[in-house]
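Data from final_15.cif: mmCIF, C-alpha atoms
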```cif
data_final
loop_
_atom_site.group_PDB
_atom_site.id
_atom_site.type_symbol
_atom_site.label_atom_id
_atom_site.label_comp_id
_atom_site.auth_asym_id
_atom_site.auth_seq_id
_atom_site.Cartn_x
_atom_site.Cartn_y
_atom_site.Cartn_z
ATOM 1 C CA MET A 1 28.047 38.103 12.414
ATOM 2 C CA VAL A 2 28.661 34.824 10.567
ATOM 3 C CA ASN A 3 26.243 32.071 11.423
ATOM 4 C CA GLU A 4 26.656 28.447 10.354
ATOM 5 C CA THR A 5 23.106 28.156 8.984
ATOM 6 C CA GLU A 6 22.478 31.532 7.387
ATOM 7 C CA VAL A 7 24.262 34.170 5.364
ATOM 8 C CA ARG A 8 24.342 37.596 6.945
ATOM 9 C CA TYR A 9 24.903 40.799 5.052
ATOM 10 C CA GLY A 10 27.347 43.530 6.010
ATOM 11 C CA GLN A 11 27.003 47.141 4.999
ATOM 12 C CA ILE A 12 29.181 50.214 5.391
ATOM 13 C CA VAL A 13 27.485 53.479 6.311
ATOM 14 C CA GLY A 14 29.040 56.949 6.189
ATOM 15 C CA LEU A 15 28.108 59.342 8.987
ATOM 16 C CA GLN A 16 28.609 63.082 9.221
ATOM 17 C CA TRP A 17 28.237 65.511 12.131
ATOM 18 C CA ARG A 18 26.184 68.461 10.891
ATOM 19 C CA ASN A 19 24.213 71.081 12.838
ATOM 20 C CA GLU A 20 24.508 69.196 16.130
ATOM 21 C CA GLU A 21 23.172 65.989 14.506
ATOM 22 C CA ILE A 22 24.666 62.799 13.121
ATOM 23 C CA ILE A 23 23.467 62.374 9.533
ATOM 24 C CA GLU A 24 23.842 59.343 7.275
ATOM 25 C CA SER A 25 25.722 60.690 4.264
ATOM 26 C CA TRP A 26 26.493 57.517 2.334
ATOM 27 C CA LYS A 27 25.593 53.832 2.304
ATOM 28 C CA SER A 28 27.254 50.934 0.488
ATOM 29 C CA LEU A 29 25.473 48.047 -1.091
ATOM 30 C CA LYS A 30 24.786 45.108 1.214
ATOM 31 C CA PHE A 31 27.429 42.392 0.938
ATOM 32 C CA PRO A 32 26.949 38.714 1.848
ATOM 33 C CA ARG A 33 30.079 38.947 4.005
ATOM 34 C CA ASP A 34 31.260 39.468 7.569
ATOM 35 C CA ILE A 35 32.941 42.869 7.154
ATOM 36 C CA VAL A 36 35.736 43.337 9.694
ATOM 37 C CA ASP A 37 37.270 46.602 8.465
ATOM 38 C CA PHE A 38 37.481 48.801 5.380
ATOM 39 C CA ALA A 39 39.388 51.672 3.815
ATOM 40 C CA PHE A 40 39.210 53.800 0.678
ATOM 41 C CA THR A 41 42.018 54.250 -1.842
ATOM 42 C CA GLU A 42 42.469 55.220 -5.500
ATOM 43 C CA ASP A 43 43.316 53.096 -8.514
ATOM 44 C CA LYS A 44 43.967 54.915 -11.799
ATOM 45 C CA GLY A 45 42.029 57.949 -10.567
ATOM 46 C CA LYS A 46 38.969 55.967 -9.434
ATOM 47 C CA ALA A 47 37.860 55.384 -5.849
ATOM 48 C CA VAL A 48 38.209 51.819 -4.625
ATOM 49 C CA MET A 49 36.961 50.373 -1.353
ATOM 50 C CA VAL A 50 39.294 47.826 0.268
ATOM 51 C CA VAL A 51 37.318 45.503 2.547
ATOM 52 C CA LEU A 52 38.684 43.001 5.063
ATOM 53 C CA THR A 53 36.199 40.131 5.369
ATOM 54 C CA ARG A 54 35.992 36.900 7.354
ATOM 55 C CA ASN A 55 34.411 33.700 6.074
ATOM 56 C CA ARG A 56 32.619 30.917 7.969
ATOM 57 C CA ASP A 57 35.918 29.094 8.578
ATOM 58 C CA GLY A 58 37.353 32.166 10.299
ATOM 59 C CA LYS A 59 39.736 32.906 7.434
ATOM 60 C CA TYR A 60 40.317 36.485 6.329
ATOM 61 C CA ALA A 61 40.472 38.014 2.855
ATOM 62 C CA LEU A 62 41.013 41.471 1.364
ATOM 63 C CA GLU A 63 38.573 42.415 -1.380
ATOM 64 C CA LEU A 64 38.726 45.382 -3.731
ATOM 65 C CA LEU A 65 35.312 46.794 -4.588
ATOM 66 C CA HIS A 66 35.166 49.230 -7.508
#
```
With the file now loaded, output its structure as structure tokens.
Amino acid sequence: MVNETEVRYGQIVGLQWRNEEIIESWKSLKFPRDIVDFAFTEDKGKAVMVVLTRNRDGKYALELLH
């Protein structure tokens, strides 16, 4: 996903099985990151997305997105 000459954007999409169909139920903003994995948690009663990303050097980082 990460290319040396261009920035690619990752996006997280929520899917739901309903009436024998897969339906897109949610979509995050597009991030200029290589998204490896993600999870949801709560901080002070608010939903927070925890995203594991990888940069061009192959290093990983955890980001909290409110």
- Message: Counting only C-alpha atoms, which residue out of A:Arg18, A:Arg33, A:Ala39, A:Gly45 sits closest to Tyr60 of chain A?
- Response: A:Arg33
- Write out as a PyMOL selection string each polymer residue whose atoms come within 12 Å of Ala61 of chain A, counting all atoms listed in the file; drop sequence neighbours fewer than 2 positions from it. chain A and resi 33-38+50-59+63-64
- Suppose you want the space between atom CA of Trp17 of chain A and atom CA of Met49 of chain A; what is it in Å?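 Computed distance, atom CA of Trp17 of chain A to atom CA of Met49 of chain A, equals 22.1 Å.
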- Item | Nearest residue to Val48 of chain A from the set A:His66, A:Pro32, A:Trp26, A:Glu20 (distances using only C-alpha atoms) |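 Looking at the shortest contact to Val48 of chain A, the residue is A:His66.
Distance-wise, atom CA of Tyr9 of chain A and atom CA of Glu21 of chain A end up 27.0 Å apart.
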- Show which residues sit within 9 Å of Phe31 of chain A, as a ChimeraX atom specification. Count only C-alpha atoms, and ignore same-chain residues fewer than 5 positions away. /A:8-11
- Query: Which residues, written as JSON, numbers by chain, have at least one atom at most 8 Å from Glu24 of chain A, with all atoms listed in the file counted and residues fewer than 4 positions away on the same chain left out?
  - Reply: {"A": [13, 14, 15, 16]}
With all atoms of segment 27-33 of chain A from the file as input, state the centre and edge lengths in Å to one decimal of the axis-aligned box that has 8 Å extra on each side, as JSON.
```
{"center_x": 27.4, "center_y": 46.3, "center_z": 1.5, "size_x": 21.3, "size_y": 31.1, "size_z": 21.1}
```
Incomplete segment 41-60 of chain A brought to N, CA and C atoms, written out as a tab-separated table (two decimals), in the frame of the given file:
```tsv
chain	number	residue	atom	x	y	z
A	41	THR	N	40.79	53.89	-1.15
A	41	THR	CA	42.02	54.25	-1.84
A	41	THR	C	41.67	54.59	-3.28
A	42	GLU	N	42.69	54.89	-4.09
A	42	GLU	CA	42.47	55.22	-5.50
A	42	GLU	C	43.24	54.26	-6.38
A	43	ASP	N	42.65	53.92	-7.51
A	43	ASP	CA	43.32	53.10	-8.51
A	43	ASP	C	43.04	53.74	-9.87
A	44	LYS	N	44.09	54.26	-10.49
A	44	LYS	CA	43.97	54.92	-11.80
A	44	LYS	C	42.93	56.04	-11.78
A	45	GLY	N	42.92	56.81	-10.68
A	45	GLY	CA	42.03	57.95	-10.57
A	45	GLY	C	40.61	57.63	-10.13
A	46	LYS	N	40.32	56.36	-9.87
A	46	LYS	CA	38.97	55.97	-9.43
A	46	LYS	C	39.00	55.49	-7.99
A	47	ALA	N	37.96	55.81	-7.24
A	47	ALA	CA	37.86	55.38	-5.85
A	47	ALA	C	37.63	53.88	-5.77
A	48	VAL	N	38.33	53.26	-4.85
A	48	VAL	CA	38.21	51.82	-4.62
A	48	VAL	C	38.06	51.59	-3.12
A	49	MET	N	37.13	50.74	-2.74
A	49	MET	CA	36.96	50.37	-1.35
A	49	MET	C	37.70	49.05	-1.12
A	50	VAL	N	38.57	49.04	-0.12
A	50	VAL	CA	39.29	47.83	0.27
A	50	VAL	C	38.60	47.30	1.52
A	51	VAL	N	38.11	46.06	1.46
A	51	VAL	CA	37.32	45.50	2.55
A	51	VAL	C	37.99	44.24	3.09
A	52	LEU	N	38.18	44.20	4.40
A	52	LEU	CA	38.68	43.00	5.06
A	52	LEU	C	37.47	42.20	5.52
A	53	THR	N	37.35	40.97	5.03
A	53	THR	CA	36.20	40.13	5.37
A	53	THR	C	36.66	38.84	6.04
A	54	ARG	N	35.72	38.18	6.71
A	54	ARG	CA	35.99	36.90	7.35
A	54	ARG	C	34.94	35.90	6.89
A	55	ASN	N	35.38	34.70	6.53
A	55	ASN	CA	34.41	33.70	6.07
A	55	ASN	C	33.97	32.80	7.23
A	56	ARG	N	33.15	31.81	6.94
A	56	ARG	CA	32.62	30.92	7.97
A	56	ARG	C	33.69	30.10	8.67
A	57	ASP	N	34.82	29.86	7.99
A	57	ASP	CA	35.92	29.09	8.58
A	57	ASP	C	36.83	29.97	9.43
A	58	GLY	N	36.53	31.26	9.52
A	58	GLY	CA	37.35	32.17	10.30
A	58	GLY	C	38.56	32.69	9.54
A	59	LYS	N	38.63	32.42	8.25
A	59	LYS	CA	39.74	32.91	7.43
A	59	LYS	C	39.41	34.30	6.91
A	60	TYR	N	40.47	35.09	6.75
A	60	TYR	CA	40.32	36.48	6.33
A	60	TYR	C	40.72	36.67	4.88
```
